[in-house]
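One file, upload.cif, is given below (mmCIF, C-alpha atoms).
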data_model
loop_
_atom_site.group_PDB
_atom_site.id
_atom_site.type_symbol
_atom_site.label_atom_id
_atom_site.label_comp_id
_atom_site.auth_asym_id
_atom_site.auth_seq_id
_atom_site.Cartn_x
_atom_site.Cartn_y
_atom_site.Cartn_z
ATOM 1 C CA MET A 12 -67.935 -1.024 19.001
ATOM 2 C CA ASN A 13 -66.056 0.463 21.933
ATOM 3 C CA GLY A 14 -67.355 3.335 24.016
ATOM 4 C CA GLU A 15 -64.448 5.704 23.426
ATOM 5 C CA ALA A 16 -65.298 9.015 21.790
ATOM 6 C CA PRO A 17 -64.208 9.017 18.159
ATOM 7 C CA PHE A 18 -61.021 10.796 17.199
ATOM 8 C CA VAL A 19 -61.904 13.409 14.615
ATOM 9 C CA PRO A 20 -59.018 13.882 12.189
ATOM 10 C CA ASP A 21 -58.377 17.502 11.248
ATOM 11 C CA GLU A 22 -57.783 18.687 7.720
ATOM 12 C CA ARG A 23 -54.055 17.900 7.762
ATOM 13 C CA ASP A 24 -54.659 14.442 9.219
ATOM 14 C CA ARG A 25 -57.082 13.806 6.390
ATOM 15 C CA ALA A 26 -54.612 15.017 3.786
ATOM 16 C CA LEU A 27 -51.995 12.710 5.274
ATOM 17 C CA MET A 28 -54.319 9.705 5.274
ATOM 18 C CA LEU A 29 -55.480 10.389 1.728
ATOM 19 C CA ALA A 30 -51.847 10.586 0.625
ATOM 20 C CA THR A 31 -51.163 7.101 2.012
ATOM 21 C CA GLN A 32 -54.339 5.230 1.165
ATOM 22 C CA GLU A 33 -52.936 3.876 -2.092
ATOM 23 C CA GLY A 34 -49.888 2.829 -0.120
ATOM 24 C CA LEU A 35 -46.749 4.140 1.517
ATOM 25 C CA PRO A 36 -43.989 5.328 -0.861
ATOM 26 C CA LEU A 37 -41.541 2.452 -1.285
ATOM 27 C CA ALA A 38 -38.432 4.487 -0.654
ATOM 28 C CA VAL A 39 -35.486 4.132 1.701
ATOM 29 C CA ARG A 40 -37.021 6.988 3.714
ATOM 30 C CA PRO A 41 -40.726 6.422 3.106
ATOM 31 C CA TYR A 42 -41.973 9.006 5.597
ATOM 32 C CA HIS A 43 -39.641 11.641 4.190
ATOM 33 C CA ALA A 44 -40.902 10.809 0.695
ATOM 34 C CA LEU A 45 -44.429 11.272 1.975
ATOM 35 C CA ALA A 46 -43.500 14.627 3.511
ATOM 36 C CA GLU A 47 -42.024 15.712 0.224
ATOM 37 C CA ARG A 48 -45.157 14.643 -1.641
ATOM 38 C CA LEU A 49 -47.252 16.759 0.737
ATOM 39 C CA GLY A 50 -44.794 19.654 0.899
ATOM 40 C CA TRP A 51 -44.532 19.252 4.683
ATOM 41 C CA ALA A 52 -41.694 18.970 7.140
ATOM 42 C CA PRO A 53 -40.921 15.293 7.901
ATOM 43 C CA GLU A 54 -41.380 16.014 11.627
ATOM 44 C CA GLU A 55 -45.045 16.781 11.028
ATOM 45 C CA VAL A 56 -45.562 13.525 9.148
ATOM 46 C CA PHE A 57 -43.959 11.563 11.992
ATOM 47 C CA ALA A 58 -45.887 13.419 14.681
ATOM 48 C CA ARG A 59 -49.269 13.033 12.984
ATOM 49 C CA LEU A 60 -48.761 9.385 12.050
ATOM 50 C CA ALA A 61 -47.667 8.640 15.623
ATOM 51 C CA ARG A 62 -50.784 10.300 16.979
ATOM 52 C CA LEU A 63 -53.174 8.630 14.522
ATOM 53 C CA HIS A 64 -51.548 5.334 15.442
ATOM 54 C CA ALA A 65 -51.722 6.016 19.178
ATOM 55 C CA VAL A 66 -55.443 6.824 19.059
ATOM 56 C CA GLY A 67 -56.172 3.772 16.893
ATOM 57 C CA VAL A 68 -57.250 5.508 13.681
ATOM 58 C CA ILE A 69 -54.277 3.746 12.080
ATOM 59 C CA ARG A 70 -54.185 0.129 13.232
ATOM 60 C CA ARG A 71 -50.798 -0.630 11.768
ATOM 61 C CA ILE A 72 -48.620 0.142 8.764
ATOM 62 C CA ALA A 73 -48.181 -3.175 7.065
ATOM 63 C CA ALA A 74 -48.689 -5.410 4.059
ATOM 64 C CA ALA A 75 -52.095 -6.696 3.023
ATOM 65 C CA PRO A 76 -51.168 -10.081 1.589
ATOM 66 C CA ASN A 77 -53.228 -11.842 -1.040
ATOM 67 C CA HIS A 78 -54.397 -14.989 0.747
ATOM 68 C CA TYR A 79 -54.406 -16.963 -2.459
ATOM 69 C CA ALA A 80 -50.824 -16.045 -3.339
ATOM 70 C CA LEU A 81 -49.649 -17.235 0.079
ATOM 71 C CA GLY A 82 -51.324 -20.571 -0.457
ATOM 72 C CA TYR A 83 -54.381 -19.907 1.681
ATOM 73 C CA VAL A 84 -56.679 -20.792 -1.173
ATOM 74 C CA ALA A 85 -59.512 -21.958 1.053
ATOM 75 C CA ASN A 86 -61.388 -19.142 2.733
ATOM 76 C CA GLY A 87 -64.572 -20.253 4.419
ATOM 77 C CA MET A 88 -67.066 -18.019 6.156
ATOM 78 C CA SER A 89 -68.623 -20.256 8.789
ATOM 79 C CA VAL A 90 -72.018 -19.039 9.945
ATOM 80 C CA TRP A 91 -73.870 -20.290 12.993
ATOM 81 C CA ASP A 92 -77.435 -20.027 14.212
ATOM 82 C CA VAL A 93 -76.851 -19.759 17.945
ATOM 83 C CA ASP A 94 -79.152 -19.221 20.913
ATOM 84 C CA ASP A 95 -79.092 -15.424 21.473
ATOM 85 C CA GLU A 96 -78.561 -15.908 25.202
ATOM 86 C CA ARG A 97 -75.317 -17.784 24.653
ATOM 87 C CA VAL A 98 -73.925 -16.290 21.461
ATOM 88 C CA ASP A 99 -71.182 -14.298 23.227
ATOM 89 C CA GLU A 100 -69.819 -17.367 25.016
ATOM 90 C CA LEU A 101 -69.723 -19.292 21.765
ATOM 91 C CA GLY A 102 -68.257 -16.354 19.873
ATOM 92 C CA GLN A 103 -65.381 -16.064 22.314
ATOM 93 C CA TRP A 104 -64.799 -19.785 22.067
ATOM 94 C CA LEU A 105 -64.784 -19.771 18.252
ATOM 95 C CA ALA A 106 -62.480 -16.754 18.076
ATOM 96 C CA ALA A 107 -59.863 -18.725 19.983
ATOM 97 C CA GLN A 108 -59.646 -21.432 17.306
ATOM 98 C CA GLY A 109 -56.338 -21.282 15.435
ATOM 99 C CA GLU A 110 -57.744 -21.092 11.922
ATOM 100 C CA VAL A 111 -60.159 -18.247 12.690
ATOM 101 C CA SER A 112 -59.208 -14.753 11.490
ATOM 102 C CA HIS A 113 -62.367 -12.810 12.371
ATOM 103 C CA CYS A 114 -65.354 -13.594 14.537
ATOM 104 C CA TYR A 115 -68.445 -11.397 14.834
ATOM 105 C CA ARG A 116 -71.985 -11.416 16.141
ATOM 106 C CA ARG A 117 -74.345 -9.975 13.515
ATOM 107 C CA PRO A 118 -78.120 -9.595 13.190
ATOM 108 C CA ARG A 119 -80.159 -12.268 11.444
ATOM 109 C CA ALA A 120 -82.168 -11.344 8.340
ATOM 110 C CA LEU A 121 -85.146 -13.666 8.696
ATOM 111 C CA PRO A 122 -86.500 -15.540 6.874
ATOM 112 C CA LEU A 123 -83.645 -15.326 4.358
ATOM 113 C CA TRP A 124 -80.761 -15.555 6.800
ATOM 114 C CA ARG A 125 -80.944 -17.330 10.153
ATOM 115 C CA TYR A 126 -77.301 -17.010 11.269
ATOM 116 C CA ASN A 127 -76.102 -14.650 14.004
ATOM 117 C CA LEU A 128 -72.457 -15.688 14.493
ATOM 118 C CA PHE A 129 -69.805 -15.431 11.773
ATOM 119 C CA ALA A 130 -66.269 -16.865 11.940
ATOM 120 C CA MET A 131 -63.813 -16.760 9.027
ATOM 121 C CA PHE A 132 -61.628 -19.831 8.604
ATOM 122 C CA HIS A 133 -58.495 -19.824 6.444
ATOM 123 C CA ALA A 134 -56.489 -22.832 5.302
ATOM 124 C CA ARG A 135 -54.477 -24.149 2.420
ATOM 125 C CA GLU A 136 -57.192 -26.534 1.297
ATOM 126 C CA ARG A 137 -60.923 -26.562 1.362
ATOM 127 C CA ALA A 138 -60.950 -29.943 3.091
ATOM 128 C CA GLU A 139 -58.868 -28.440 5.892
ATOM 129 C CA VAL A 140 -61.442 -25.696 6.461
ATOM 130 C CA GLU A 141 -64.260 -28.253 6.359
ATOM 131 C CA ARG A 142 -62.419 -30.378 8.909
ATOM 132 C CA ALA A 143 -61.727 -27.431 11.225
ATOM 133 C CA VAL A 144 -65.360 -26.317 11.079
ATOM 134 C CA ALA A 145 -66.582 -29.887 11.673
ATOM 135 C CA VAL A 146 -64.272 -30.200 14.697
ATOM 136 C CA ALA A 147 -65.528 -26.847 16.018
ATOM 137 C CA ALA A 148 -69.145 -27.955 15.528
ATOM 138 C CA VAL A 149 -68.614 -31.184 17.459
ATOM 139 C CA ARG A 150 -66.819 -29.399 20.294
ATOM 140 C CA LEU A 151 -69.428 -26.643 20.459
ATOM 141 C CA ALA A 152 -72.180 -29.252 20.654
ATOM 142 C CA ALA A 153 -70.323 -30.933 23.527
ATOM 143 C CA CYS A 154 -69.401 -27.743 25.431
ATOM 144 C CA PHE A 155 -72.644 -25.842 24.871
ATOM 145 C CA PRO A 156 -75.379 -28.462 24.430
ATOM 146 C CA GLY A 157 -78.315 -27.277 22.374
ATOM 147 C CA ALA A 158 -76.894 -23.788 21.766
ATOM 148 C CA VAL A 159 -76.160 -24.260 18.050
ATOM 149 C CA ARG A 160 -79.227 -24.885 15.914
ATOM 150 C CA ALA A 161 -77.541 -24.944 12.512
ATOM 151 C CA HIS A 162 -74.354 -23.947 10.756
ATOM 152 C CA GLU A 163 -72.865 -23.874 7.274
ATOM 153 C CA VAL A 164 -69.710 -22.712 5.494
ATOM 154 C CA LEU A 165 -69.715 -20.303 2.562
ATOM 155 C CA PHE A 166 -66.522 -20.692 0.571
ATOM 156 C CA SER A 167 -65.211 -17.787 -1.436
ATOM 157 C CA SER A 168 -64.731 -18.808 -5.028
ATOM 158 C CA ARG A 169 -63.462 -15.487 -6.411
ATOM 159 C CA ILE A 170 -61.976 -12.245 -5.132
ATOM 160 C CA LEU A 171 -64.030 -9.595 -6.921
ATOM 161 C CA LYS A 172 -62.339 -6.575 -5.323
ATOM 162 C CA LYS A 173 -59.625 -6.129 -2.731
ATOM 163 C CA THR A 174 -58.516 -2.519 -2.603
ATOM 164 C CA GLY A 175 -58.884 -2.104 1.147
ATOM 165 C CA VAL A 176 -60.442 0.925 2.786
ATOM 166 C CA ARG A 177 -60.750 4.102 0.714
ATOM 167 C CA LEU A 178 -61.585 7.124 2.846
ATOM 168 C CA ASP A 179 -64.754 8.857 1.644
ATOM 169 C CA PHE A 180 -64.087 12.153 3.450
ATOM 170 C CA MET B 18 -59.373 -11.507 -11.540
ATOM 171 C CA ARG B 19 -56.905 -12.483 -8.876
ATOM 172 C CA GLU B 20 -57.781 -16.088 -8.494
ATOM 173 C CA ARG B 21 -54.297 -16.744 -8.618
ATOM 174 C CA ARG B 22 -52.344 -19.810 -7.919
ATOM 175 C CA PRO B 23 -50.044 -19.794 -4.893
ATOM 176 C CA ALA B 24 -46.857 -17.865 -5.702
ATOM 177 C CA THR B 25 -43.447 -19.514 -5.741
ATOM 178 C CA LEU B 26 -41.679 -18.226 -2.662
ATOM 179 C CA ASP B 27 -38.174 -18.806 -1.327
ATOM 180 C CA ASP B 28 -37.228 -18.849 2.360
ATOM 181 C CA LEU B 29 -36.450 -15.133 2.435
ATOM 182 C CA ASP B 30 -39.800 -14.348 0.799
ATOM 183 C CA ARG B 31 -41.541 -16.349 3.502
ATOM 184 C CA GLN B 32 -39.713 -14.578 6.328
ATOM 185 C CA LEU B 33 -40.194 -11.186 4.747
ATOM 186 C CA LEU B 34 -43.896 -11.694 4.011
ATOM 187 C CA TRP B 35 -44.347 -12.733 7.626
ATOM 188 C CA ALA B 36 -42.458 -9.695 8.938
ATOM 189 C CA LEU B 37 -44.216 -7.266 6.581
ATOM 190 C CA GLN B 38 -47.558 -8.135 8.181
ATOM 191 C CA ASP B 39 -46.286 -6.556 11.402
ATOM 192 C CA ASP B 40 -46.381 -2.855 12.114
ATOM 193 C CA LEU B 41 -43.642 -0.978 10.217
ATOM 194 C CA PRO B 42 -41.539 1.128 12.605
ATOM 195 C CA LEU B 43 -42.154 4.852 12.484
ATOM 196 C CA CYS B 44 -38.547 5.905 12.016
ATOM 197 C CA GLU B 45 -36.363 7.401 9.318
ATOM 198 C CA ARG B 46 -35.357 4.125 7.634
ATOM 199 C CA PRO B 47 -37.888 1.481 8.658
ATOM 200 C CA PHE B 48 -36.960 -0.968 5.895
ATOM 201 C CA ALA B 49 -33.388 -0.964 7.207
ATOM 202 C CA VAL B 50 -34.753 -2.102 10.577
ATOM 203 C CA LEU B 51 -36.571 -4.983 8.878
ATOM 204 C CA ALA B 52 -33.526 -5.793 6.775
ATOM 205 C CA THR B 53 -31.237 -5.968 9.790
ATOM 206 C CA GLY B 54 -33.625 -8.356 11.490
ATOM 207 C CA LEU B 55 -33.537 -10.645 8.452
ATOM 208 C CA GLY B 56 -29.811 -10.260 7.748
ATOM 209 C CA VAL B 57 -30.284 -8.792 4.254
ATOM 210 C CA SER B 58 -29.819 -5.365 2.700
ATOM 211 C CA GLU B 59 -32.390 -2.618 2.848
ATOM 212 C CA GLU B 60 -32.424 -2.539 -0.966
ATOM 213 C CA GLU B 61 -33.228 -6.269 -1.080
ATOM 214 C CA VAL B 62 -36.247 -5.718 1.180
ATOM 215 C CA LEU B 63 -37.518 -2.845 -0.963
ATOM 216 C CA GLN B 64 -36.963 -4.711 -4.224
ATOM 217 C CA ARG B 65 -38.839 -7.729 -2.976
ATOM 218 C CA LEU B 66 -41.695 -5.637 -1.627
ATOM 219 C CA ARG B 67 -41.996 -3.871 -4.997
ATOM 220 C CA ARG B 68 -42.112 -7.258 -6.685
ATOM 221 C CA TYR B 69 -44.806 -8.563 -4.307
ATOM 222 C CA LEU B 70 -46.954 -5.541 -5.150
ATOM 223 C CA ALA B 71 -46.320 -5.839 -8.886
ATOM 224 C CA GLU B 72 -47.215 -9.538 -8.828
ATOM 225 C CA GLY B 73 -50.220 -9.135 -6.549
ATOM 226 C CA ILE B 74 -48.699 -11.218 -3.735
ATOM 227 C CA VAL B 75 -49.230 -8.148 -1.556
ATOM 228 C CA THR B 76 -52.250 -6.088 -2.570
ATOM 229 C CA ARG B 77 -51.295 -2.965 -0.640
ATOM 230 C CA PHE B 78 -48.556 -1.769 1.687
ATOM 231 C CA GLY B 79 -49.473 1.092 3.960
ATOM 232 C CA PRO B 80 -51.567 2.184 6.919
ATOM 233 C CA PHE B 81 -54.635 0.138 7.856
ATOM 234 C CA PHE B 82 -57.378 2.589 8.738
ATOM 235 C CA GLN B 83 -59.879 1.934 11.502
ATOM 236 C CA VAL B 84 -62.763 4.081 10.262
ATOM 237 C CA GLU B 85 -64.805 3.325 13.396
ATOM 238 C CA ARG B 86 -62.242 5.164 15.547
ATOM 239 C CA MET B 87 -62.792 8.290 13.439
ATOM 240 C CA GLY B 88 -66.563 8.075 13.841
ATOM 241 C CA GLY B 89 -67.243 6.037 10.705
ATOM 242 C CA ALA B 90 -68.347 2.457 10.215
ATOM 243 C CA PHE B 91 -67.641 -0.849 8.523
ATOM 244 C CA CYS B 92 -70.440 -3.159 7.496
ATOM 245 C CA LEU B 93 -70.665 -6.574 5.882
ATOM 246 C CA ALA B 94 -73.227 -6.667 3.082
ATOM 247 C CA ALA B 95 -74.571 -9.337 0.761
ATOM 248 C CA MET B 96 -76.653 -9.692 -2.370
ATOM 249 C CA ALA B 97 -78.292 -12.542 -4.260
ATOM 250 C CA VAL B 98 -77.150 -11.815 -7.811
ATOM 251 C CA PRO B 99 -78.661 -13.704 -10.759
ATOM 252 C CA GLU B 100 -75.910 -15.673 -12.496
ATOM 253 C CA GLU B 101 -76.413 -13.957 -15.862
ATOM 254 C CA ARG B 102 -75.927 -10.534 -14.230
ATOM 255 C CA PHE B 103 -72.992 -11.467 -12.020
ATOM 256 C CA ASP B 104 -70.186 -9.774 -13.999
ATOM 257 C CA GLU B 105 -72.147 -6.596 -14.633
ATOM 258 C CA VAL B 106 -73.098 -6.292 -10.949
ATOM 259 C CA THR B 107 -69.483 -6.986 -9.907
ATOM 260 C CA VAL B 108 -68.329 -3.991 -11.953
ATOM 261 C CA ALA B 109 -71.113 -1.740 -10.636
ATOM 262 C CA VAL B 110 -70.454 -2.656 -6.988
ATOM 263 C CA GLY B 111 -66.688 -2.380 -7.443
ATOM 264 C CA ALA B 112 -67.053 1.191 -8.678
ATOM 265 C CA PHE B 113 -68.136 2.374 -5.213
ATOM 266 C CA PRO B 114 -65.073 3.568 -3.254
ATOM 267 C CA GLN B 115 -66.835 2.503 -0.033
ATOM 268 C CA VAL B 116 -66.567 -1.152 -1.128
ATOM 269 C CA ALA B 117 -63.272 -2.226 0.424
ATOM 270 C CA HIS B 118 -63.439 -5.812 -0.753
ATOM 271 C CA ASN B 119 -65.870 -8.111 -2.406
ATOM 272 C CA TYR B 120 -65.986 -11.906 -2.644
ATOM 273 C CA ARG B 121 -68.067 -14.329 -4.571
ATOM 274 C CA ARG B 122 -69.374 -17.063 -2.275
ATOM 275 C CA GLU B 123 -71.274 -20.231 -2.983
ATOM 276 C CA HIS B 124 -74.711 -19.593 -1.547
ATOM 277 C CA ALA B 125 -78.039 -18.054 -2.589
ATOM 278 C CA LEU B 126 -76.444 -14.867 -1.244
ATOM 279 C CA ASN B 127 -73.535 -15.128 -3.657
ATOM 280 C CA MET B 128 -71.876 -11.696 -3.397
ATOM 281 C CA TRP B 129 -70.429 -10.568 -0.055
ATOM 282 C CA PHE B 130 -68.699 -7.237 0.366
ATOM 283 C CA VAL B 131 -67.461 -4.942 3.099
ATOM 284 C CA LEU B 132 -68.489 -1.287 3.148
ATOM 285 C CA ALA B 133 -66.304 1.292 4.887
ATOM 286 C CA ALA B 134 -67.484 4.858 5.424
ATOM 287 C CA THR B 135 -66.033 7.757 7.405
ATOM 288 C CA ARG B 136 -69.546 8.768 8.500
ATOM 289 C CA PRO B 137 -71.947 6.174 9.985
ATOM 290 C CA GLU B 138 -74.747 7.241 7.601
ATOM 291 C CA GLY B 139 -72.388 6.423 4.744
ATOM 292 C CA ILE B 140 -73.147 2.712 5.120
ATOM 293 C CA VAL B 141 -76.892 2.915 4.542
ATOM 294 C CA GLU B 142 -76.461 5.652 1.915
ATOM 295 C CA THR B 143 -74.014 3.504 -0.027
ATOM 296 C CA ALA B 144 -76.199 0.405 0.296
ATOM 297 C CA ARG B 145 -79.185 2.353 -1.081
ATOM 298 C CA ALA B 146 -77.036 3.760 -3.889
ATOM 299 C CA ILE B 147 -75.908 0.245 -4.821
ATOM 300 C CA GLU B 148 -79.522 -0.952 -4.779
ATOM 301 C CA ASN B 149 -80.449 1.874 -7.119
ATOM 302 C CA ALA B 150 -77.516 1.160 -9.395
ATOM 303 C CA VAL B 151 -78.168 -2.569 -9.793
ATOM 304 C CA SER B 152 -81.883 -2.930 -8.883
ATOM 305 C CA LEU B 153 -81.220 -5.694 -6.371
ATOM 306 C CA PRO B 154 -81.680 -5.638 -2.590
ATOM 307 C CA VAL B 155 -78.554 -5.226 -0.456
ATOM 308 C CA TRP B 156 -78.645 -7.016 2.912
ATOM 309 C CA LEU B 157 -76.638 -5.372 5.665
ATOM 310 C CA PHE B 158 -75.021 -7.389 8.440
ATOM 311 C CA PRO B 159 -73.513 -4.811 10.803
ATOM 312 C CA LYS B 160 -71.347 -6.254 13.513
ATOM 313 C CA GLU B 161 -72.993 -6.235 16.905
ATOM 314 C CA ARG B 162 -69.955 -7.539 18.666
ATOM 315 C CA GLU B 163 -66.411 -8.482 17.680
ATOM 316 C CA TYR B 164 -64.606 -11.367 19.366
ATOM 317 C CA PHE B 165 -60.932 -10.625 19.348
ATOM 318 C CA VAL B 166 -58.527 -12.624 17.196
ATOM 319 C CA ARG B 167 -55.594 -11.763 15.061
ATOM 320 C CA LEU B 168 -54.436 -13.985 12.261
ATOM 321 C CA ARG B 169 -51.186 -13.701 10.421
ATOM 322 C CA LEU B 170 -50.696 -15.918 7.398
ATOM 323 C CA ARG B 171 -47.587 -18.071 7.586
ATOM 324 C CA PRO B 172 -46.394 -18.114 3.956
#
As structure tokens, what does this structure read like?
Amino acid sequence: MNGEAPFVPDERDRALMLATQEGLPLAVRPYHALAERLGWAPEEVFARLARLHAVGVIRRIAAAPNHYALGYVANGMSVWDVDDERVDELGQWLAAQGEVSHCYRRPRALPLWRYNLFAMFHARERAEVERAVAVAAVRLAACFPGAVRAHEVLFSSRILKKTGVRLDF
Amino acid sequence: MRERRPATLDDLDRQLLWALQDDLPLCERPFAVLATGLGVSEEEVLQRLRRYLAEGIVTRFGPFFQVERMGGAFCLAAMAVPEERFDEVTVAVGAFPQVAHNYRREHALNMWFVLAATRPEGIVETARAIENAVSLPVWLFPKEREYFVRLRLRP
């Protein structure tokens, strides 16, 4: 988490975000349609969206694609039990691999869960993910001897929910 | 639900699905900007986007919220759900608005979901509420550090 003070959305920011959380109106003038829905002037919608975007509360306005539909049917969460002293070095290294979409350091939950580094791999086939993770494991062992104690890949076999963030204001 | 086979996509679909993963311009007619870039009409872009949403190729089109920037939190969570209770627990977990997505994974911890809350306490409160609802422990794996990457899926 970064050290910046959080941006606290005011009531109108919240109303605007709630009005878009199911999605942007698919109209020729989507922001005008949004303004109309809210009963606001379009200028206010533009100004508030620009500000929320500038401060990072809105990351981007874009499509959330279904990985499966785009052919990325193999989604593997690789998890690594890494020496705590070196986990950041390894995390940065893993994040730079082409197939990796997210890479995080997380706490272990011993004795049930020994892993402290998580990297999501996406590919069109399961074998491709397995290969990419195996290549990463070999390279990590060579570049950081002894730092990785164990790893495994958890494949997703079903999407149970994928609505994205709903704001619980 | 949604274990769908890969969709049949033409070249324009591929280009459009690539472009739609980028930030939409904040201007009066943003789809016209996209359309010009791809050499098609604005209406074509909108029609295709509506189709992607209807067919589940795109699950949502809109702003991506960073709840941490507004003082909230995201957290990865997992549960070990007995096979015979899996569907029932899926429904119960899915009913919480704080659950942004949920995947079945092949492991003793077989249900992995992401919680998003606009207040930091919302994560633990929601986890406890899920535990109460399904009588199973929820394991929280908050991120301690994020290593920066950004993936776009080439359709």
Pull out every residue of chain A sitting within 7 Å of chain B, counting only C-alpha atoms, and send them as a PyMOL selection string. chain A and resi 12+17-20+31-32+34-35+37+39-40+42+57+67-77+79-82+102-103+106-107+112-118+165-180
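Residues having any atom no farther than 12 Å from (-80.9, -15.6, 15.0) (counting all atoms listed in the file) are Val90, Trp91, Asp92, Val93, Asp94, Asp95, Glu96, Arg97, Val98, Arg116, Arg117, Pro118, Arg119, Ala120, Leu121, Pro122, Leu123, Trp124, Arg125, Tyr126, Asn127, Leu128, Phe129, Ala158, Val159, Arg160, Ala161 and His162 of chain A.
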Keeping only C-alpha atoms, write those residues as a PDB file, keeping the file's coordinate frame.
ATOM      1  CA  VAL A  90     -72.018 -19.039   9.945  1.00  0.00           C
ATOM      2  CA  TRP A  91     -73.870 -20.290  12.993  1.00  0.00           C
ATOM      3  CA  ASP A  92     -77.435 -20.027  14.212  1.00  0.00           C
ATOM      4  CA  VAL A  93     -76.851 -19.759  17.945  1.00  0.00           C
ATOM      5  CA  ASP A  94     -79.152 -19.221  20.913  1.00  0.00           C
ATOM      6  CA  ASP A  95     -79.092 -15.424  21.473  1.00  0.00           C
ATOM      7  CA  GLU A  96     -78.561 -15.908  25.202  1.00  0.00           C
ATOM      8  CA  ARG A  97     -75.317 -17.784  24.653  1.00  0.00           C
ATOM      9  CA  VAL A  98     -73.925 -16.290  21.461  1.00  0.00           C
ATOM     10  CA  ARG A 116     -71.985 -11.416  16.141  1.00  0.00           C
ATOM     11  CA  ARG A 117     -74.345  -9.975  13.515  1.00  0.00           C
ATOM     12  CA  PRO A 118     -78.120  -9.595  13.190  1.00  0.00           C
ATOM     13  CA  ARG A 119     -80.159 -12.268  11.444  1.00  0.00           C
ATOM     14  CA  ALA A 120     -82.168 -11.344   8.340  1.00  0.00           C
ATOM     15  CA  LEU A 121     -85.146 -13.666   8.696  1.00  0.00           C
ATOM     16  CA  PRO A 122     -86.500 -15.540   6.874  1.00  0.00           C
ATOM     17  CA  LEU A 123     -83.645 -15.326   4.358  1.00  0.00           C
ATOM     18  CA  TRP A 124     -80.761 -15.555   6.800  1.00  0.00           C
ATOM     19  CA  ARG A 125     -80.944 -17.330  10.153  1.00  0.00           C
ATOM     20  CA  TYR A 126     -77.301 -17.010  11.269  1.00  0.00           C
ATOM     21  CA  ASN A 127     -76.102 -14.650  14.004  1.00  0.00           C
ATOM     22  CA  LEU A 128     -72.457 -15.688  14.493  1.00  0.00           C
ATOM     23  CA  PHE A 129     -69.805 -15.431  11.773  1.00  0.00           C
ATOM     24  CA  ALA A 158     -76.894 -23.788  21.766  1.00  0.00           C
ATOM     25  CA  VAL A 159     -76.160 -24.260  18.050  1.00  0.00           C
ATOM     26  CA  ARG A 160     -79.227 -24.885  15.914  1.00  0.00           C
ATOM     27  CA  ALA A 161     -77.541 -24.944  12.512  1.00  0.00           C
ATOM     28  CA  HIS A 162     -74.354 -23.947  10.756  1.00  0.00           C
TER      29      HIS A 162
END
Could you list, as an MDAnalysis selection string, every residue matched by the PyMOL selection byres ((chain A and resi 134) around 8) in this structure? chainID A and resid 83:86 110 132:133 135:137 139:140
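We find atom CA of Glu148 of chain B and atom CA of Arg25 of chain A to be spaced 29.1 Å apart.
Of note, atom CA of Leu45 of chain A and atom CA of Ala65 of chain A are spaced 19.4 Å apart.
We find atom CA of Cys154 of chain A and atom CA of Ala138 of chain A to be spaced 24.0 Å apart.
Of the residues listed (B:Ala71, B:Met96, B:Val141, B:Leu33), B:Met96 shows the shortest atom-to-atom separation from Val155 of chain B; distances use only C-alpha atoms.
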Box for segment 19-29 of chain A: with edges along x, y and z, all listed atoms inside and 3 Å added on each side, what are the centre and edge lengths in Å to one decimal, as lines of an AutoDock Vina configuration file?
center_x = -56.9
center_y = 14.2
center_z = 8.2
size_x = 15.9
size_y = 15.0
size_z = 18.9
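The closest residue to Leu63 of chain A, picked from A:Glu163, A:Arg23, A:Ala130, A:Leu151 and counting only C-alpha atoms, is A:Arg23.
Minimum distance to Arg102 of chain B across B:Ser152, B:Thr143, B:Gly56, B:Arg68 (counting only C-alpha atoms) occurs at B:Ser152.
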